[in-house]
Amino acid sequence: MQAAPLTLDGPYSPRALLDAFQRLRRERKLRHRDAAQALGVTEAEAIAAAVGAEGALRATRLAGPWAHLFEQMPRLGPVMALTRNEHAVHEKVGRFEEMSHDGEVGLALGSAIDLRIFYSRWRHAFAVHEETERGTQRSLQIFDAHGAAIHKVFLRPESDLAAWERFVAAAAHGDQSPLLVVEPAPPAEPSRADDAIDVTAFRDAWRAMTDTHQFFPLLRRFGLTRTEALRLAPTDFAHRVHEGSARLLLQEAARHAVPIMCFVANPGMIQIHSGRVERVQVMGPWLNVLDGEFNLHLREDHIAAAWVVKKPTADGLVTSLELFADDGETIALFFGARKPGQPERPEWRALVHELPEIDA
């Protein structure tokens with residue numbers, strides 16, 4: 001029997017939502033996000049419905065401050081960190097190591113887990129306990145004000161379960177009700193007309209960059225989206241390539257053992273992989289990297305535009321492959337692996353140079 005549809009327009013209890021959510025996951029083998037969408041609710045609302053519940057899926061609402069909450073992660077030992085957007089999922093296995101924050105911006109720096117954190121976007125957090133066909137799964141799940149997942153941390157068999165239980169007990173929110181109110185997502189900001197942009201000044205500022213981290217402030221300074229900036233970039237600093245370029249790049253990087261950096265982000269988190277990729281597989285619409293400590297799942301059919309981008313730095317030009325959906329949202333970014341103070345690897349630059357160009 002299929003689960004009856006639920007929508008936010010009709011009355012339903014948290015218990016009814018939780019029952020329908022679990023039934024739908026069992027019947028259709030859906031992931032949390034997909035089951036929630038099928039029921040017409042956000043993933044955060046579905047998880048909140050499990051607060052205080054007994055059974056296969058239960059959750060504990062957690063309290064901030066968010067930086068203090070998240071900087072407890074090194075105590076858990078080896079875990080899996082997951083960040084996703086609408087088009088790609090980035091999974092890293094390892095330990096949280098160096099954690100820091102400056103106001104609402106945080107860093108997690110380590111040999112495996114590498115994050116840029118934007119706590120101002122965090123709104124809801126839950127410790128989730130679920131009995132699955134593969135056994136008990138425990139996770140920290142963080143959501144934004146609109147009910148979309150920002151980041152998840154999954155325990156592994158070698159994680160410190162006692163440390164997890166102490167963390168949940170200490171971070172439990174005083175409100176353990178299963179109700180959750182989400183805010184509607186704001187409409188996308190309209191694009192600016194080209195004649196409202198000082199293109200000459202923008203191009204001069206691009207050429208004057210000395211660090212890739214200066215690119216986002218450059219966009220804000222001129223009021224540009226990332227795709228607008230690429231279209232208006234100085235000659236020879238950005239060009240379109242075939243939408244299948246990510247597959248070609250990953251396959252060649254694996255074949256030639258060229259280490260890469262892969263960024264997947266949403267408004268509250270950037271997650272980065274640095275290193276080689278080995279098992280690149282295509283399964284239906286999904287382009288996958290299936291390595292021991294790094295998994296990437298990327299919807300190739302969602303790629304509306306792919307750009308090769310060059311940014312000046314103190315160490316020379318840095319080259320990236322950047323993927324975008326049809327609404328301009330960034331799907332993923334790929335760079336050659338490098339450390340500050342090091343020039344870009346020539347073997348990475350050669351791989352990118354071979355990607356098939358198309359007319360913009």
# chains A, B, ... in the order shown; residues from 1 in each chain; ligands from 1

call {"tool": "residues_around", "arguments": {"residues": "segment 337-347 of chain A", "least_positions_apart": "3", "cutoff": "6 Å", "atoms": "only C-alpha atoms", "output": "number ranges by chain"}}
result
A: 259-261, 274, 315, 350

call {"tool": "residues_around", "arguments": {"residues": "Glu329 of chain A", "least_positions_apart": "6", "cutoff": "12 Å", "atoms": "only C-alpha atoms", "output": "list in words"}}
result
Asn85, Glu86, His87, Ala88, Ala188, Thr225, Arg226, Thr227, Glu228, Val264, Ala265, Asn266, Pro267, His302, Ile303, Ala304, Ala305, Ala306, Glu322 and Leu323 of chain A

call {"tool": "closest_atom_pairs", "arguments": {"of": "segment 92-172 of chain A", "to": "segment 79-83 of chain A", "cutoff": "8 Å", "atoms": "only C-alpha atoms", "output": "Markdown table"}}
result
| residue | atom | partner | partner_atom | distance |
| --- | --- | --- | --- | --- |
| A:Lys92 | CA | A:Ala81 | CA | 5.2 |
| A:Val93 | CA | A:Met80 | CA | 4.3 |
| A:Gly94 | CA | A:Val79 | CA | 5.6 |
| A:Arg95 | CA | A:Val79 | CA | 6.2 |
| A:Ile113 | CA | A:Ala81 | CA | 7.2 |
| A:Ile150 | CA | A:Thr83 | CA | 6.5 |
| A:His151 | CA | A:Thr83 | CA | 4.9 |
| A:Lys152 | CA | A:Leu82 | CA | 5.1 |
| A:Val153 | CA | A:Ala81 | CA | 4.6 |
| A:Phe154 | CA | A:Met80 | CA | 5.1 |
| A:Leu155 | CA | A:Val79 | CA | 4.9 |
| A:Arg156 | CA | A:Val79 | CA | 5.5 |
| A:Ser159 | CA | A:Val79 | CA | 6.3 |

call {"tool": "select_by_dssp", "arguments": {"residues": "segment 42-184 of chain A", "states": "alpha helix (DSSP H)", "output": "PDB file with N, CA and C atoms, in the first residue's frame"}}
result
ATOM      1  N   GLU A  43      12.455  18.055   4.507  1.00  0.00           N
ATOM      2  CA  GLU A  43      13.150  17.005   5.241  1.00  0.00           C
ATOM      3  C   GLU A  43      13.222  17.346   6.730  1.00  0.00           C
ATOM      4  N   ALA A  44      13.408  18.615   7.054  1.00  0.00           N
ATOM      5  CA  ALA A  44      13.477  19.011   8.465  1.00  0.00           C
ATOM      6  C   ALA A  44      12.171  18.712   9.185  1.00  0.00           C
ATOM      7  N   GLU A  45      11.035  18.965   8.539  1.00  0.00           N
ATOM      8  CA  GLU A  45       9.746  18.687   9.164  1.00  0.00           C
ATOM      9  C   GLU A  45       9.573  17.185   9.407  1.00  0.00           C
ATOM     10  N   ALA A  46      10.025  16.369   8.458  1.00  0.00           N
ATOM     11  CA  ALA A  46       9.901  14.919   8.621  1.00  0.00           C
ATOM     12  C   ALA A  46      10.751  14.431   9.789  1.00  0.00           C
ATOM     13  N   ILE A  47      11.977  14.960   9.919  1.00  0.00           N
ATOM     14  CA  ILE A  47      12.834  14.558  11.034  1.00  0.00           C
ATOM     15  C   ILE A  47      12.282  15.087  12.355  1.00  0.00           C
ATOM     16  N   ALA A  48      11.779  16.320  12.358  1.00  0.00           N
ATOM     17  CA  ALA A  48      11.214  16.886  13.589  1.00  0.00           C
ATOM     18  C   ALA A  48      10.039  16.060  14.097  1.00  0.00           C
ATOM     19  N   TRP A  66      25.564  27.384  17.618  1.00  0.00           N
ATOM     20  CA  TRP A  66      25.902  26.365  16.635  1.00  0.00           C
ATOM     21  C   TRP A  66      27.394  26.077  16.583  1.00  0.00           C
ATOM     22  N   ALA A  67      28.223  27.103  16.681  1.00  0.00           N
ATOM     23  CA  ALA A  67      29.661  26.854  16.640  1.00  0.00           C
ATOM     24  C   ALA A  67      30.090  25.968  17.811  1.00  0.00           C
ATOM     25  N   HIS A  68      29.576  26.255  18.991  1.00  0.00           N
ATOM     26  CA  HIS A  68      29.904  25.426  20.153  1.00  0.00           C
ATOM     27  C   HIS A  68      29.427  23.988  19.929  1.00  0.00           C
ATOM     28  N   LEU A  69      28.224  23.833  19.394  1.00  0.00           N
ATOM     29  CA  LEU A  69      27.683  22.497  19.123  1.00  0.00           C
ATOM     30  C   LEU A  69      28.586  21.732  18.167  1.00  0.00           C
ATOM     31  N   PHE A  70      28.927  22.368  17.049  1.00  0.00           N
ATOM     32  CA  PHE A  70      29.625  21.652  15.980  1.00  0.00           C
ATOM     33  C   PHE A  70      31.084  21.392  16.328  1.00  0.00           C
ATOM     34  N   LEU A 161      30.884   5.809  20.555  1.00  0.00           N
ATOM     35  CA  LEU A 161      29.464   5.860  20.874  1.00  0.00           C
ATOM     36  C   LEU A 161      29.212   6.545  22.218  1.00  0.00           C
ATOM     37  N   ALA A 162      30.073   6.326  23.178  1.00  0.00           N
ATOM     38  CA  ALA A 162      29.896   6.966  24.483  1.00  0.00           C
ATOM     39  C   ALA A 162      30.019   8.485  24.355  1.00  0.00           C
ATOM     40  N   ALA A 163      30.960   8.946  23.530  1.00  0.00           N
ATOM     41  CA  ALA A 163      31.116  10.384  23.310  1.00  0.00           C
ATOM     42  C   ALA A 163      29.887  10.949  22.617  1.00  0.00           C
ATOM     43  N   TRP A 164      29.315  10.184  21.690  1.00  0.00           N
ATOM     44  CA  TRP A 164      28.087  10.618  21.014  1.00  0.00           C
ATOM     45  C   TRP A 164      26.944  10.770  22.012  1.00  0.00           C
ATOM     46  N   GLU A 165      26.772   9.796  22.881  1.00  0.00           N
ATOM     47  CA  GLU A 165      25.680   9.854  23.847  1.00  0.00           C
ATOM     48  C   GLU A 165      25.855  11.025  24.811  1.00  0.00           C
ATOM     49  N   ARG A 166      27.096  11.308  25.206  1.00  0.00           N
ATOM     50  CA  ARG A 166      27.338  12.476  26.065  1.00  0.00           C
ATOM     51  C   ARG A 166      27.033  13.762  25.314  1.00  0.00           C
ATOM     52  N   PHE A 167      27.405  13.807  24.036  1.00  0.00           N
ATOM     53  CA  PHE A 167      27.142  14.991  23.215  1.00  0.00           C
ATOM     54  C   PHE A 167      25.649  15.256  23.102  1.00  0.00           C
ATOM     55  N   VAL A 168      24.857  14.224  22.814  1.00  0.00           N
ATOM     56  CA  VAL A 168      23.411  14.400  22.651  1.00  0.00           C
ATOM     57  C   VAL A 168      22.778  14.847  23.967  1.00  0.00           C
ATOM     58  N   ALA A 169      23.189  14.240  25.065  1.00  0.00           N
ATOM     59  CA  ALA A 169      22.612  14.606  26.354  1.00  0.00           C
ATOM     60  C   ALA A 169      22.923  16.058  26.708  1.00  0.00           C
ATOM     61  N   ALA A 170      24.147  16.495  26.433  1.00  0.00           N
ATOM     62  CA  ALA A 170      24.548  17.861  26.788  1.00  0.00           C
ATOM     63  C   ALA A 170      23.924  18.907  25.877  1.00  0.00           C
ATOM     64  N   ALA A 171      23.666  18.537  24.602  1.00  0.00           N
ATOM     65  CA  ALA A 171      23.189  19.508  23.616  1.00  0.00           C
ATOM     66  C   ALA A 171      21.671  19.503  23.448  1.00  0.00           C
TER      67      ALA A 171
END

call {"tool": "residues_around", "arguments": {"residues": "segment 231-247 of chain A", "least_positions_apart": "3", "cutoff": "9 Å", "atoms": "only C-alpha atoms", "output": "tab-separated table (two decimals) with C-alpha atoms, in the first residue's frame"}}
result
chain	number	residue	atom	x	y	z
A	194	ASP	CA	24.83	44.52	-18.46
A	199	VAL	CA	32.33	45.82	-16.97
A	200	THR	CA	35.70	47.47	-17.53
A	202	PHE	CA	35.08	44.39	-13.13
A	203	ARG	CA	37.54	42.94	-15.65
A	204	ASP	CA	40.37	45.03	-14.26
A	206	TRP	CA	39.50	40.18	-11.98
A	207	ARG	CA	42.96	40.57	-13.52
A	226	ARG	CA	28.72	33.59	-10.56
A	227	THR	CA	27.40	32.82	-14.05
A	228	GLU	CA	27.05	36.53	-14.88
A	250	LEU	CA	37.14	12.68	-13.45
A	251	GLN	CA	37.82	9.68	-15.67
A	252	GLU	CA	41.10	11.17	-16.90
A	280	VAL	CA	34.48	6.74	-11.38
A	281	GLN	CA	31.18	5.14	-12.35
A	282	VAL	CA	28.06	6.30	-14.17
A	287	LEU	CA	28.04	10.50	-12.11
A	288	ASN	CA	29.72	8.87	-9.11
A	300	GLU	CA	24.80	14.90	-14.91
A	301	ASP	CA	21.38	15.62	-16.37
A	303	ILE	CA	24.27	20.32	-15.68
A	304	ALA	CA	23.08	23.22	-17.85
A	305	ALA	CA	26.47	24.89	-18.23
A	306	ALA	CA	30.11	23.99	-17.61
A	307	TRP	CA	32.86	26.60	-17.58
A	308	VAL	CA	36.64	26.47	-17.46
A	309	VAL	CA	37.70	29.43	-15.32
A	310	LYS	CA	41.12	30.97	-14.70
A	311	LYS	CA	41.85	33.16	-11.69
A	321	LEU	CA	35.93	23.41	-13.97
A	322	GLU	CA	32.68	24.89	-12.68
A	323	LEU	CA	29.24	23.30	-13.14
A	334	PHE	CA	36.81	21.14	-9.49
A	352	VAL	CA	41.41	20.84	-18.29
A	355	LEU	CA	37.99	19.47	-22.39
A	356	PRO	CA	35.85	20.11	-25.49
A	357	GLU	CA	34.94	23.78	-25.86
A	358	ILE	CA	31.56	24.98	-27.06
A	359	ASP	CA	30.31	28.38	-28.14
A	360	ALA	CA	28.97	30.46	-25.27

call {"tool": "closest_residue", "arguments": {"among": "A:Arg23, A:Leu115, A:His273, A:Pro312", "to": "Ala205 of chain A", "atoms": "only C-alpha atoms"}}
result
A:Pro312

call {"tool": "closest_residue", "arguments": {"among": "A:Phe143, A:Phe216, A:Phe222, A:Phe126", "to": "Pro178 of chain A", "atoms": "only C-alpha atoms"}}
result
A:Phe126

call {"tool": "closest_residue", "arguments": {"among": "A:Ile197, A:Leu39, A:Val318, A:Ala229", "to": "Thr210 of chain A", "atoms": "only C-alpha atoms"}}
result
A:Val318

call {"tool": "residues_around", "arguments": {"residues": "Leu18 of chain A", "least_positions_apart": "4", "cutoff": "7 Å", "atoms": "only C-alpha atoms", "output": "PyMOL selection string"}}
result
chain A and resi 14+22+46+49-50

call {"tool": "residues_around", "arguments": {"residues": "segment 103-109 of chain A", "least_positions_apart": "3", "cutoff": "10 Å", "atoms": "only C-alpha atoms", "output": "mmCIF file with N, CA and C atoms, in the first residue's frame"}}
result
data_model
loop_
_atom_site.group_PDB
_atom_site.id
_atom_site.type_symbol
_atom_site.label_atom_id
_atom_site.label_comp_id
_atom_site.auth_asym_id
_atom_site.auth_seq_id
_atom_site.Cartn_x
_atom_site.Cartn_y
_atom_site.Cartn_z
ATOM 1 N N TRP A 66 25.564 27.384 17.618
ATOM 2 C CA TRP A 66 25.902 26.365 16.635
ATOM 3 C C TRP A 66 27.394 26.077 16.583
ATOM 4 N N ALA A 67 28.223 27.103 16.681
ATOM 5 C CA ALA A 67 29.661 26.854 16.640
ATOM 6 C C ALA A 67 30.090 25.968 17.811
ATOM 7 N N PHE A 70 28.927 22.368 17.049
ATOM 8 C CA PHE A 70 29.625 21.652 15.980
ATOM 9 C C PHE A 70 31.084 21.392 16.328
ATOM 10 N N GLU A 71 31.663 22.246 17.149
ATOM 11 C CA GLU A 71 33.072 22.053 17.476
ATOM 12 C C GLU A 71 33.297 20.916 18.468
ATOM 13 N N MET A 73 32.555 17.896 17.387
ATOM 14 C CA MET A 73 32.670 16.753 16.487
ATOM 15 C C MET A 73 33.989 15.985 16.581
ATOM 16 N N PRO A 74 35.129 16.616 16.859
ATOM 17 C CA PRO A 74 36.356 15.818 16.972
ATOM 18 C C PRO A 74 36.295 14.733 18.038
ATOM 19 N N ARG A 95 38.188 11.993 10.316
ATOM 20 C CA ARG A 95 38.022 12.638 11.619
ATOM 21 C C ARG A 95 37.932 14.150 11.458
ATOM 22 N N PHE A 96 37.095 14.768 12.279
ATOM 23 C CA PHE A 96 37.176 16.206 12.440
ATOM 24 C C PHE A 96 38.443 16.493 13.241
ATOM 25 N N GLU A 97 39.219 17.464 12.786
ATOM 26 C CA GLU A 97 40.481 17.755 13.456
ATOM 27 C C GLU A 97 40.477 19.196 13.980
ATOM 28 N N GLU A 98 41.058 20.130 13.270
ATOM 29 C CA GLU A 98 41.116 21.511 13.751
ATOM 30 C C GLU A 98 39.784 22.210 13.485
ATOM 31 N N MET A 99 39.164 22.715 14.540
ATOM 32 C CA MET A 99 37.889 23.432 14.445
ATOM 33 C C MET A 99 38.073 24.845 14.984
ATOM 34 N N SER A 100 37.528 25.822 14.253
ATOM 35 C CA SER A 100 37.622 27.206 14.705
ATOM 36 C C SER A 100 36.478 28.000 14.100
ATOM 37 N N ALA A 112 41.257 14.780 6.170
ATOM 38 C CA ALA A 112 40.144 14.220 5.389
ATOM 39 C C ALA A 112 38.980 15.197 5.317
ATOM 40 N N ILE A 113 38.462 15.629 6.463
ATOM 41 C CA ILE A 113 37.273 16.487 6.487
ATOM 42 C C ILE A 113 37.694 17.944 6.473
ATOM 43 N N ASP A 114 37.260 18.642 5.430
ATOM 44 C CA ASP A 114 37.660 20.029 5.169
ATOM 45 C C ASP A 114 36.388 20.811 4.852
ATOM 46 N N LEU A 115 35.998 21.727 5.747
ATOM 47 C CA LEU A 115 34.725 22.427 5.622
ATOM 48 C C LEU A 115 34.910 23.929 5.802
ATOM 49 N N ARG A 116 34.053 24.693 5.094
ATOM 50 C CA ARG A 116 33.861 26.125 5.354
ATOM 51 C C ARG A 116 32.409 26.267 5.804
ATOM 52 N N ILE A 117 32.189 26.846 6.973
ATOM 53 C CA ILE A 117 30.902 26.752 7.655
ATOM 54 C C ILE A 117 30.302 28.147 7.815
ATOM 55 N N PHE A 118 29.023 28.275 7.521
ATOM 56 C CA PHE A 118 28.331 29.558 7.614
ATOM 57 C C PHE A 118 27.166 29.400 8.593
ATOM 58 N N TYR A 119 27.483 29.628 9.877
ATOM 59 C CA TYR A 119 26.531 29.338 10.937
ATOM 60 C C TYR A 119 25.293 30.223 10.880
ATOM 61 N N SER A 120 25.372 31.374 10.251
ATOM 62 C CA SER A 120 24.204 32.254 10.180
ATOM 63 C C SER A 120 23.044 31.599 9.433
ATOM 64 N N ARG A 121 23.344 30.592 8.625
ATOM 65 C CA ARG A 121 22.309 29.888 7.861
ATOM 66 C C ARG A 121 21.702 28.712 8.623
ATOM 67 N N TRP A 122 22.283 28.344 9.752
ATOM 68 C CA TRP A 122 21.805 27.195 10.506
ATOM 69 C C TRP A 122 20.587 27.602 11.338
ATOM 70 N N GLY A 268 24.850 27.044 3.654
ATOM 71 C CA GLY A 268 25.375 26.925 5.002
ATOM 72 C C GLY A 268 26.663 26.159 5.130
ATOM 73 N N MET A 269 27.184 25.586 4.028
ATOM 74 C CA MET A 269 28.357 24.729 4.148
ATOM 75 C C MET A 269 29.042 24.563 2.798
ATOM 76 N N ILE A 270 30.374 24.523 2.825
ATOM 77 C CA ILE A 270 31.184 24.099 1.688
ATOM 78 C C ILE A 270 31.992 22.906 2.151
ATOM 79 N N GLN A 271 31.943 21.815 1.399
ATOM 80 C CA GLN A 271 32.718 20.617 1.742
ATOM 81 C C GLN A 271 33.689 20.327 0.611
ATOM 82 N N ILE A 272 34.936 19.995 0.974
ATOM 83 C CA ILE A 272 36.023 19.901 0.005
ATOM 84 C C ILE A 272 36.708 18.539 0.126
#
